[in-house]
Structure formats: C-alpha cells, structure tokens
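Visitor: Pasting coords_17.tsv below, which is TSV, C-alpha atoms and all ligand atoms.
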chain	number	residue	atom	x	y	z
U	1	MET	CA	-30.64	-13.03	-9.76
U	2	ARG	CA	-32.26	-10.32	-11.85
U	3	PRO	CA	-29.42	-8.64	-13.70
U	4	LEU	CA	-31.45	-5.75	-15.07
U	5	ARG	CA	-32.87	-4.82	-11.72
U	6	THR	CA	-29.43	-5.06	-10.10
U	7	PHE	CA	-28.02	-2.85	-12.80
U	8	VAL	CA	-30.74	-0.26	-12.36
U	9	TRP	CA	-30.23	-0.32	-8.62
U	10	ILE	CA	-26.48	0.02	-8.82
U	11	LEU	CA	-26.25	2.63	-11.58
U	12	PRO	CA	-26.80	5.70	-9.38
U	13	SER	CA	-24.13	4.45	-6.96
U	14	LEU	CA	-21.68	4.00	-9.82
U	15	LEU	CA	-22.30	7.48	-11.11
U	16	ILE	CA	-21.76	8.98	-7.68
U	17	ILE	CA	-18.58	7.20	-6.60
U	18	ALA	CA	-16.95	5.81	-9.73
U	19	CYS	CA	-15.11	9.01	-10.55
U	20	ALA	CA	-12.34	9.40	-7.99
U	21	THR	CA	-9.03	11.21	-8.35
U	22	SER	CA	-5.78	9.99	-6.82
U	23	PRO	CA	-3.52	12.33	-4.76
U	24	ARG	CA	-1.43	12.73	-7.91
U	25	GLY	CA	-4.41	13.74	-10.03
U	26	ARG	CA	-5.05	10.43	-11.80
U	27	LYS	CA	-8.67	9.42	-12.58
U	28	GLN	CA	-9.60	6.14	-10.88
U	29	LEU	CA	-12.37	3.55	-10.95
U	30	VAL	CA	-13.28	3.42	-7.27
U	31	LEU	CA	-16.63	1.73	-6.65
U	32	LEU	CA	-16.74	0.57	-3.06
U	33	PRO	CA	-17.54	2.82	-0.09
U	34	ALA	CA	-14.32	3.72	1.76
U	35	GLY	CA	-15.84	2.61	5.07
U	36	GLN	CA	-16.45	-0.87	3.69
U	37	MET	CA	-12.91	-1.11	2.28
U	38	ASN	CA	-11.49	-0.02	5.63
U	39	SER	CA	-13.45	-2.64	7.57
U	40	MET	CA	-12.42	-5.35	5.07
U	41	GLY	CA	-8.81	-4.25	5.45
U	42	ALA	CA	-9.10	-4.41	9.24
U	43	GLN	CA	-10.67	-7.89	9.03
U	44	ALA	CA	-7.92	-9.19	6.72
U	45	PHE	CA	-5.26	-7.69	8.99
U	46	ASP	CA	-6.77	-9.41	12.03
U	47	ASP	CA	-6.72	-12.71	10.11
U	48	LEU	CA	-3.04	-12.20	9.22
U	49	LYS	CA	-2.13	-11.35	12.80
U	50	ARG	CA	-3.70	-14.63	13.94
U	51	GLN	CA	-2.02	-16.67	11.19
U	52	THR	CA	1.46	-15.13	11.06
U	53	PRO	CA	3.99	-14.91	13.91
U	54	ILE	CA	4.42	-11.35	15.12
U	55	GLU	CA	7.86	-9.96	16.02
U	56	ARG	CA	7.80	-9.05	19.73
U	57	ASP	CA	11.37	-7.78	20.09
U	58	PRO	CA	10.97	-4.30	21.68
U	59	ALA	CA	14.01	-2.78	19.94
U	60	THR	CA	12.86	-3.86	16.46
U	61	ASN	CA	9.33	-2.62	17.09
U	62	ALA	CA	10.54	0.70	18.50
U	63	TYR	CA	12.75	1.16	15.44
U	64	VAL	CA	9.97	0.48	12.91
U	65	GLN	CA	7.49	2.71	14.78
U	66	CYS	CA	10.13	5.47	15.01
U	67	VAL	CA	10.40	5.45	11.21
U	68	ALA	CA	6.67	5.02	10.54
U	69	LYS	CA	5.30	7.70	12.86
U	70	PRO	CA	6.80	10.80	11.15
U	71	LEU	CA	5.51	9.40	7.83
U	72	THR	CA	1.90	8.81	8.92
U	73	GLU	CA	1.92	12.24	10.57
U	74	GLN	CA	2.33	13.78	7.10
U	75	VAL	CA	-1.01	12.37	6.02
U	76	THR	CA	-3.59	14.91	7.04
U	77	SER	CA	-5.89	14.98	4.03
U	78	ILE	CA	-7.17	11.41	4.20
U	79	SER	CA	-7.15	10.06	7.71
U	80	PRO	CA	-8.17	6.39	7.98
U	81	ARG	CA	-11.09	6.03	10.35
U	82	ASP	CA	-9.39	3.52	12.59
U	83	GLY	CA	-5.95	5.12	12.54
U	84	TRP	CA	-2.66	3.76	11.26
U	85	GLU	CA	-1.44	0.41	12.54
U	86	ILE	CA	2.05	-0.85	11.70
U	87	VAL	CA	2.86	-4.44	12.71
U	88	VAL	CA	6.20	-6.26	12.30
U	89	PHE	CA	5.74	-9.88	11.20
U	90	LYS	CA	8.37	-12.59	11.66
U	91	ASP	CA	9.00	-13.43	8.03
U	92	GLU	CA	12.36	-13.71	6.29
U	93	THR	CA	11.13	-12.33	2.95
U	94	ALA	CA	12.07	-8.72	2.23
U	95	ASN	CA	8.48	-7.57	2.03
U	96	ALA	CA	5.90	-5.10	3.27
U	97	PHE	CA	2.22	-4.60	2.45
U	98	ALA	CA	-0.64	-2.23	3.08
U	99	LEU	CA	-4.37	-2.71	3.53
U	100	PRO	CA	-7.20	-0.18	3.30
U	101	GLY	CA	-7.82	1.61	6.57
U	102	GLY	CA	-4.12	2.21	7.23
U	103	LYS	CA	-3.00	-1.31	8.18
U	104	ILE	CA	0.65	-1.86	7.26
U	105	GLY	CA	2.69	-5.03	7.67
U	106	VAL	CA	6.51	-5.00	7.71
U	107	HIS	CA	8.44	-8.28	7.49
U	108	THR	CA	11.55	-8.69	9.63
U	109	GLY	CA	13.36	-9.76	6.43
U	110	LEU	CA	12.82	-6.29	4.96
U	111	MET	CA	15.45	-4.87	7.30
U	112	THR	CA	18.18	-6.87	5.54
U	113	VAL	CA	17.50	-4.85	2.37
U	114	ALA	CA	16.20	-1.58	3.86
U	115	ARG	CA	19.38	-1.05	5.83
U	116	THR	CA	18.94	2.53	7.08
U	117	PRO	CA	16.00	4.43	8.61
U	118	ALA	CA	15.58	6.41	5.37
U	119	GLN	CA	15.51	3.22	3.28
U	120	LEU	CA	12.87	1.74	5.56
U	121	ALA	CA	10.99	5.04	5.30
U	122	ALA	CA	11.01	4.68	1.50
U	123	VAL	CA	9.22	1.32	1.77
U	124	ILE	CA	6.73	2.39	4.47
U	125	GLY	CA	6.08	5.63	2.55
U	126	HIS	CA	5.39	3.55	-0.56
U	127	GLU	CA	2.88	1.42	1.39
U	128	ILE	CA	1.20	4.54	2.83
U	129	GLY	CA	0.97	5.75	-0.77
U	130	HIS	CA	-1.06	2.66	-1.69
U	131	VAL	CA	-3.42	3.39	1.22
U	132	ILE	CA	-4.04	7.09	0.63
U	133	ALA	CA	-4.39	6.62	-3.15
U	134	GLN	CA	-7.09	3.97	-2.50
U	135	HIS	CA	-5.26	1.40	-4.61
U	136	GLY	CA	-7.01	-1.50	-2.85
U	137	ASN	CA	-10.42	-0.10	-3.68
U	138	GLU	CA	-9.34	0.54	-7.26
U	139	ARG	CA	-8.10	-3.04	-7.72
U	140	VAL	CA	-11.17	-4.59	-6.13
U	141	SER	CA	-13.37	-2.38	-8.34
U	142	GLU	CA	-11.51	-3.24	-11.54
U	143	THR	CA	-11.41	-6.95	-10.67
U	144	ALA	CA	-15.07	-7.09	-9.71
U	145	VAL	CA	-16.13	-5.41	-12.95
U	146	ALA	CA	-13.83	-7.57	-15.09
U	147	GLN	CA	-14.67	-10.90	-13.46
U	148	LEU	CA	-18.20	-10.54	-12.20
U	149	GLY	CA	-19.70	-7.65	-14.12
U	150	LEU	CA	-21.71	-4.89	-12.52
U	151	ALA	CA	-23.90	-7.37	-10.66
U	152	GLY	CA	-20.74	-8.67	-8.98
U	153	VAL	CA	-19.88	-5.19	-7.83
U	154	GLY	CA	-23.34	-5.08	-6.26
U	155	LEU	CA	-22.52	-8.28	-4.38
U	156	ALA	CA	-19.18	-6.95	-3.25
U	157	MET	CA	-20.86	-3.80	-2.00
U	158	ASN	CA	-23.72	-5.51	-0.19
U	159	GLU	CA	-22.37	-8.71	1.30
U	160	LYS	CA	-19.10	-8.19	3.05
U	161	ASN	CA	-17.80	-11.75	2.89
U	162	GLU	CA	-19.43	-13.00	-0.29
U	163	ASN	CA	-16.36	-12.34	-2.43
U	164	TYR	CA	-13.77	-12.57	0.30
U	165	ASN	CA	-11.16	-14.47	-1.73
U	166	LEU	CA	-11.56	-12.20	-4.71
U	167	ILE	CA	-11.22	-9.14	-2.55
U	168	MET	CA	-8.23	-10.46	-0.62
U	169	GLY	CA	-6.56	-11.36	-3.91
U	170	ALA	CA	-7.21	-7.90	-5.25
U	171	LEU	CA	-5.71	-6.44	-2.09
U	172	GLY	CA	-2.48	-8.27	-2.88
U	173	LEU	CA	-2.88	-11.04	-0.31
U	174	GLY	CA	-3.01	-13.75	-2.96
U	175	ALA	CA	-0.37	-15.95	-1.38
U	176	GLN	CA	-2.48	-16.17	1.76
U	177	PHE	CA	-5.90	-16.27	0.13
U	178	GLY	CA	-5.38	-18.14	-3.11
U	179	LEU	CA	-5.60	-15.59	-5.90
U	180	LEU	CA	-2.75	-13.36	-6.93
U	181	LEU	CA	-3.43	-10.06	-8.58
U	182	PRO	CA	-0.27	-7.99	-8.96
U	183	HIS	CA	-0.29	-4.26	-8.48
U	184	SER	CA	-0.41	-2.39	-11.75
U	185	ARG	CA	2.60	-0.51	-13.02
U	186	THR	CA	0.62	2.71	-12.64
U	187	GLN	CA	-0.15	2.04	-8.98
U	188	GLU	CA	3.45	1.09	-8.18
U	189	SER	CA	4.89	4.22	-9.77
U	190	GLU	CA	2.27	6.35	-8.05
U	191	ALA	CA	3.05	4.76	-4.65
U	192	ASP	CA	6.79	5.30	-5.26
U	193	LEU	CA	6.31	9.01	-5.88
U	194	ILE	CA	3.84	9.55	-3.03
U	195	GLY	CA	6.27	7.70	-0.75
U	196	LEU	CA	9.18	9.88	-1.90
U	197	ASP	CA	7.20	13.03	-1.10
U	198	LEU	CA	6.15	11.70	2.32
U	199	MET	CA	9.67	10.68	3.31
U	200	ALA	CA	11.06	14.08	2.31
U	201	LYS	CA	8.38	15.92	4.32
U	202	ALA	CA	9.05	13.61	7.28
U	203	GLY	CA	12.77	14.48	7.22
U	204	PHE	CA	14.25	11.37	5.58
U	205	ASP	CA	16.80	11.85	2.79
U	206	PRO	CA	14.88	11.00	-0.43
U	207	SER	CA	18.03	9.96	-2.29
U	208	GLU	CA	18.03	6.85	-0.08
U	209	ALA	CA	14.95	5.60	-1.94
U	210	VAL	CA	17.24	5.07	-4.93
U	211	THR	CA	19.73	3.17	-2.77
U	212	LEU	CA	16.89	0.99	-1.45
U	213	TRP	CA	15.91	-0.12	-4.93
U	214	GLN	CA	19.54	-0.77	-5.80
U	215	ASN	CA	19.75	-3.01	-2.70
U	216	MET	CA	16.52	-4.71	-3.79
U	217	SER	CA	17.78	-5.48	-7.26
U	218	GLY	CA	20.98	-6.84	-5.74
U	219	ALA	CA	19.06	-9.09	-3.32
U	220	GLY	CA	17.25	-11.29	-5.87
U	221	GLY	CA	16.14	-14.87	-5.20
U	222	GLY	CA	13.01	-16.27	-3.61
U	223	GLN	CA	9.48	-15.08	-4.14
U	224	PRO	CA	9.35	-11.51	-5.38
U	225	PRO	CA	8.05	-9.10	-2.75
U	226	GLU	CA	4.85	-7.14	-3.31
U	227	PHE	CA	6.75	-4.14	-4.60
U	228	LEU	CA	8.94	-6.20	-6.93
U	229	SER	CA	6.33	-8.54	-8.40
U	230	THR	CA	5.08	-5.96	-10.84
U	231	HIS	CA	5.81	-4.69	-14.28
U	232	PRO	CA	8.25	-1.84	-13.75
U	233	SER	CA	11.75	-3.24	-13.88
U	234	HIS	CA	14.21	-2.19	-11.19
U	235	GLY	CA	15.99	-0.06	-13.77
U	236	THR	CA	12.81	1.80	-14.77
U	237	ARG	CA	11.90	2.29	-11.17
U	238	ILE	CA	15.32	3.54	-10.12
U	239	ALA	CA	15.43	5.89	-13.10
U	240	SER	CA	12.05	7.46	-12.35
U	241	LEU	CA	12.87	7.88	-8.65
U	242	ARG	CA	16.25	9.37	-9.49
U	243	LYS	CA	14.46	11.88	-11.72
U	244	ALA	CA	12.13	12.85	-8.85
U	245	VAL	CA	14.79	13.16	-6.12
U	246	PRO	CA	15.94	16.72	-7.07
U	247	ASN	CA	12.39	18.00	-6.47
U	248	ALA	CA	12.09	16.15	-3.16
U	249	THR	CA	15.47	17.17	-1.77
U	250	PRO	CA	14.58	20.83	-0.95
U	251	ILE	CA	11.46	19.54	0.86
U	252	TYR	CA	13.70	17.25	2.92
U	253	GLU	CA	16.15	20.04	3.66
U	254	ALA	CA	13.30	22.30	4.82
U	255	ALA	CA	11.69	19.61	7.02
U	256	PRO	CA	11.40	20.94	10.58
U	257	ALA	CA	12.59	17.66	12.14
U	258	LYS	CA	15.00	14.95	11.06
U	259	PRO	CA	14.03	11.71	12.83
U	260	ARG	CA	16.82	9.89	14.64
U	261	CYS	CA	15.89	6.22	14.68
U	262	SER	CA	18.30	3.44	15.55
U	263	ARG	CA	17.98	-0.29	16.02
U	301	ZN	ZN	3.54	-1.47	-3.94
Any chance you could put this one into structure tokens?
Ligand SMILES: [Zn+2]

Guide:
Amino acid sequence: MRPLRTFVWILPSLLIIACATSPRGRKQLVLLPAGQMNSMGAQAFDDLKRQTPIERDPATNAYVQCVAKPLTEQVTSISPRDGWEIVVFKDETANAFALPGGKIGVHTGLMTVARTPAQLAAVIGHEIGHVIAQHGNERVSETAVAQLGLAGVGLAMNEKNENYNLIMGALGLGAQFGLLLPHSRTQESEADLIGLDLMAKAGFDPSEAVTLWQNMSGAGGGQPPEFLSTHPSHGTRIASLRKAVPNATPIYEAAPAKPRCSR
C-alpha cells in the first residue's frame, strides 16, 4: 500500500463527486459512483431474497404493489438504472428498508402498524426518499472516510466486494451482515419529508403519515425497526411531520388520481 500515491490518485475523483446536493438542497459527502452503489444494492437484495422467506400471497403482493406504484411513478428526476423493485418479506417485525438502485423490502409485520394504504404509502415513500437522496452512498462514504481514511474509499471504489461487510452495515443491513450503523437524524428527517411530498403527489392523504407514527410509537417492543432505531424521538418526528402536513395537503387535493388499494 502506498498511501501517498493512492491519495494523489483519488483526489481528482473526490473533487469531482464529493459535492452532491440532496433533493431538499442539503450538501452531502457522496464519494462512490452511483452505478457502483446501484449494483451493490442489487447484489445485497439478491442475497436477502435468497436468505429470507418471501411472501407469495397474491392479495398481499397486489396490495403492496398498488400502494408502491403511484409513489415510484412520482420519481422522474432520478430514475434508478435497474428500475424499482418492491418485495414483501415474511417477517413479523414492523419494518421496511431501501437499498441503492431502487430495491425496497417490506416486511409482512409492517401491515399491522401501517393499517391503511396511505399509512403504508408513508413508509414506502420514506424508503424511496432514502433512495433518491442517495443516503446509502452518503453513509458508505462517511463510514469509509471515518474508518479507513481516503485510501479505504479508494478500495471501496475499486474492489466491489473488498469492504462488503462495511458497506452492508452502512446500508443499514447490520443485523444481517454484522455491523450496525443507524441512519442519521438528518437522513431520517429528510426521508420523512421527501416521503410526505411523494405520498401527497401520488394521491395519498399526507395527514395519515402522522397517524402512522402514532401507531408506531404505540406498538413498541422487540427490535426497533430501521425507521425507529435512530435519534429523532417519535414526538419530534410526529411534530415535524404535523408541521409539514398543511403544505402537503393542497398537493394531495390537487393530485389527478387517488389510488384505491385494498387487501
Ligand atoms: Zn429511514
């Protein structure tokens, strides 16, 4: 390893791609090429699909896809290369997750807390928010710099599987891959607000996002889901969503279609 040479090699790349801006105008440290993040996301998703039982019930799948489709259709600015893929996993925990490239997992247990189509839309919209704001890339970038230094970022960029566990941990798959890195408060709030906007545009009543989080805080117990395991307390989260609902409501009322999804 020649650190200096690696640094000199990597510096131009850093200068070119380090300065990204999220959909809500926030400056981000985003070091890895989007194409590489997307293929890592696809690989991790394939691994999960092999390791985790998939829900095959047609009615449940039709319901989740009915809610997800109008949401992904709102995303026109950043279209993942491989397209969106939403898979329902047989898992009792009230959880959902997103991977770069538009791969979204919904646990069957989520439906006990997200009790209406609009509440499910709030969760899926939140996960889409993580994808389009490149939160996976941001976390991998920050983790790689913090733990491995710039040379480590070079490794992550050049050898797809060299830092697999680190990357999977940074993508929020710590339980499966051995290293847990929670989403930051900033990313969670950003995903909440992007999700609220998406659900309103897709024709789901945004006020139901508030109800969802009230259901979540009432559920308690067990391992905290991805979107609960982070710093913002339920109260903070509910308060900031409640503040944003009045702006989202006219968008919902003007939405050309109101999806009718039933289980
Ligand atoms: Zn989240």

Visitor: Report, in Å with one decimal, the straight-line distance from atom CA of Trp84 of chain U to atom CA of Lys27 of chain U.

Guide: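 Spanning atom CA of Trp84 of chain U to atom CA of Lys27 of chain U is a straight-line distance of 25.2 Å.
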
Visitor: Hey, which of U:Ala257, U:Ile128, U:Leu120, U:Val245 ends up closest to ligand ZN 301 (chain U)? Count all atoms listed in the file.

Guide: U:Ile128

Visitor: Can you pull out every residue within 7 Å of segment 202-209 of chain U, counting all atoms listed in the file, but drop anything in the same chain fewer than 3 positions away, and send it as an mmCIF file with C-alpha atoms, in the frame of the given file?

Guide:
data_model
loop_
_atom_site.group_PDB
_atom_site.id
_atom_site.type_symbol
_atom_site.label_atom_id
_atom_site.label_comp_id
_atom_site.auth_asym_id
_atom_site.auth_seq_id
_atom_site.Cartn_x
_atom_site.Cartn_y
_atom_site.Cartn_z
ATOM 1 C CA PRO U 70 6.800 10.800 11.150
ATOM 2 C CA LEU U 71 5.510 9.400 7.830
ATOM 3 C CA GLN U 74 2.330 13.780 7.100
ATOM 4 C CA ALA U 118 15.580 6.410 5.370
ATOM 5 C CA GLN U 119 15.510 3.220 3.280
ATOM 6 C CA ALA U 122 11.010 4.680 1.500
ATOM 7 C CA LEU U 196 9.180 9.880 -1.900
ATOM 8 C CA LEU U 198 6.150 11.700 2.320
ATOM 9 C CA MET U 199 9.670 10.680 3.310
ATOM 10 C CA LEU U 212 16.890 0.990 -1.450
ATOM 11 C CA TRP U 213 15.910 -0.120 -4.930
ATOM 12 C CA VAL U 245 14.790 13.160 -6.120
ATOM 13 C CA ALA U 248 12.090 16.150 -3.160
ATOM 14 C CA THR U 249 15.470 17.170 -1.770
ATOM 15 C CA TYR U 252 13.700 17.250 2.920
ATOM 16 C CA ALA U 255 11.690 19.610 7.020
ATOM 17 C CA ALA U 257 12.590 17.660 12.140
ATOM 18 C CA LYS U 258 15.000 14.950 11.060
ATOM 19 C CA PRO U 259 14.030 11.710 12.830
#

Visitor: May I ask which of the residues U:Arg185, U:Lys103, U:Arg115, U:Arg56 is the closest one to ligand ZN 301 (chain U), counting all atoms listed in the file?

Guide: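 Nearest candidate to ligand ZN 301 (chain U) out of U:Arg185, U:Lys103, U:Arg115, U:Arg56: U:Arg185.
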
Visitor: So which one's closest to ligand ZN 301 (chain U), U:Gly129, U:Gly218, U:Gly235, U:Pro246? Using all atoms listed in the file, please.

Guide: U:Gly129

Visitor: How big is the axis-aligned box around the listed atoms of segment 127-138 of chain U once 3 Å is added on each side, and where is its centre? Give both in Å to one decimal, as AutoDock Vina command-line options.

Guide:
--center_x -3.8 --center_y 2.8 --center_z -2.2 --size_x 19.3 --size_y 14.6 --size_z 16.1

Visitor: Nearest to ligand ZN 301 (chain U): which of U:Ile132, U:Leu110, U:Ile238, U:Ala96 is it, counting only C-alpha atoms and all ligand atoms?

Guide: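 Going through U:Ile132, U:Leu110, U:Ile238, U:Ala96 one by one, the smallest distance to ligand ZN 301 (chain U) is for U:Ala96.
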
Visitor: Could you tell me how far atom CA of Asn95 of chain U sits from atom CA of Ala200 of chain U, in Å to one decimal place?

Guide: 21.8 Å

Visitor: So which one's closest to ligand ZN 301 (chain U), U:Val140, U:Val131, U:Met216, U:Val64? Using all atoms listed in the file, please.

Guide: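 Between U:Val140, U:Val131, U:Met216, U:Val64, the residue approaching ligand ZN 301 (chain U) most closely is U:Val131.
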
Visitor: What is the distance, in Å and to one decimal place, between atom CA of Glu253 of chain U and atom CA of Arg237 of chain U?

Guide: 23.5 Å

Visitor: Supply segment 195-209 of chain U as a PDB file, keeping the file's coordinate frame, with N, CA and C atoms built in where the input has gaps.

Guide:
ATOM      1  N   GLY U 195       5.361   8.077  -1.832  1.00  0.00           N
ATOM      2  CA  GLY U 195       6.270   7.700  -0.750  1.00  0.00           C
ATOM      3  C   GLY U 195       7.482   8.624  -0.680  1.00  0.00           C
ATOM      4  N   LEU U 196       8.019   8.987  -1.849  1.00  0.00           N
ATOM      5  CA  LEU U 196       9.180   9.880  -1.900  1.00  0.00           C
ATOM      6  C   LEU U 196       8.840  11.236  -1.293  1.00  0.00           C
ATOM      7  N   ASP U 197       7.663  11.744  -1.625  1.00  0.00           N
ATOM      8  CA  ASP U 197       7.200  13.030  -1.100  1.00  0.00           C
ATOM      9  C   ASP U 197       7.013  12.953   0.424  1.00  0.00           C
ATOM     10  N   LEU U 198       6.388  11.867   0.882  1.00  0.00           N
ATOM     11  CA  LEU U 198       6.150  11.700   2.320  1.00  0.00           C
ATOM     12  C   LEU U 198       7.459  11.614   3.091  1.00  0.00           C
ATOM     13  N   MET U 199       8.426  10.844   2.556  1.00  0.00           N
ATOM     14  CA  MET U 199       9.670  10.680   3.310  1.00  0.00           C
ATOM     15  C   MET U 199      10.438  11.997   3.373  1.00  0.00           C
ATOM     16  N   ALA U 200      10.389  12.788   2.294  1.00  0.00           N
ATOM     17  CA  ALA U 200      11.060  14.080   2.310  1.00  0.00           C
ATOM     18  C   ALA U 200      10.418  15.012   3.342  1.00  0.00           C
ATOM     19  N   LYS U 201       9.085  15.071   3.354  1.00  0.00           N
ATOM     20  CA  LYS U 201       8.380  15.920   4.320  1.00  0.00           C
ATOM     21  C   LYS U 201       8.654  15.479   5.753  1.00  0.00           C
ATOM     22  N   ALA U 202       8.833  14.151   5.940  1.00  0.00           N
ATOM     23  CA  ALA U 202       9.050  13.610   7.280  1.00  0.00           C
ATOM     24  C   ALA U 202      10.503  13.752   7.726  1.00  0.00           C
ATOM     25  N   GLY U 203      11.385  14.248   6.835  1.00  0.00           N
ATOM     26  CA  GLY U 203      12.770  14.480   7.220  1.00  0.00           C
ATOM     27  C   GLY U 203      13.722  13.332   6.931  1.00  0.00           C
ATOM     28  N   PHE U 204      13.340  12.449   6.015  1.00  0.00           N
ATOM     29  CA  PHE U 204      14.250  11.370   5.580  1.00  0.00           C
ATOM     30  C   PHE U 204      14.815  11.719   4.212  1.00  0.00           C
ATOM     31  N   ASP U 205      16.118  11.494   4.033  1.00  0.00           N
ATOM     32  CA  ASP U 205      16.800  11.850   2.790  1.00  0.00           C
ATOM     33  C   ASP U 205      16.223  11.046   1.600  1.00  0.00           C
ATOM     34  N   PRO U 206      15.543  11.726   0.662  1.00  0.00           N
ATOM     35  CA  PRO U 206      14.880  11.000  -0.430  1.00  0.00           C
ATOM     36  C   PRO U 206      15.837  10.252  -1.357  1.00  0.00           C
ATOM     37  N   SER U 207      17.090  10.673  -1.395  1.00  0.00           N
ATOM     38  CA  SER U 207      18.030   9.960  -2.290  1.00  0.00           C
ATOM     39  C   SER U 207      18.215   8.506  -1.837  1.00  0.00           C
ATOM     40  N   GLU U 208      17.877   8.220  -0.579  1.00  0.00           N
ATOM     41  CA  GLU U 208      18.030   6.850  -0.080  1.00  0.00           C
ATOM     42  C   GLU U 208      16.988   5.900  -0.679  1.00  0.00           C
ATOM     43  N   ALA U 209      15.922   6.463  -1.261  1.00  0.00           N
ATOM     44  CA  ALA U 209      14.950   5.600  -1.940  1.00  0.00           C
ATOM     45  C   ALA U 209      15.621   4.915  -3.132  1.00  0.00           C
TER      46      ALA U 209
END
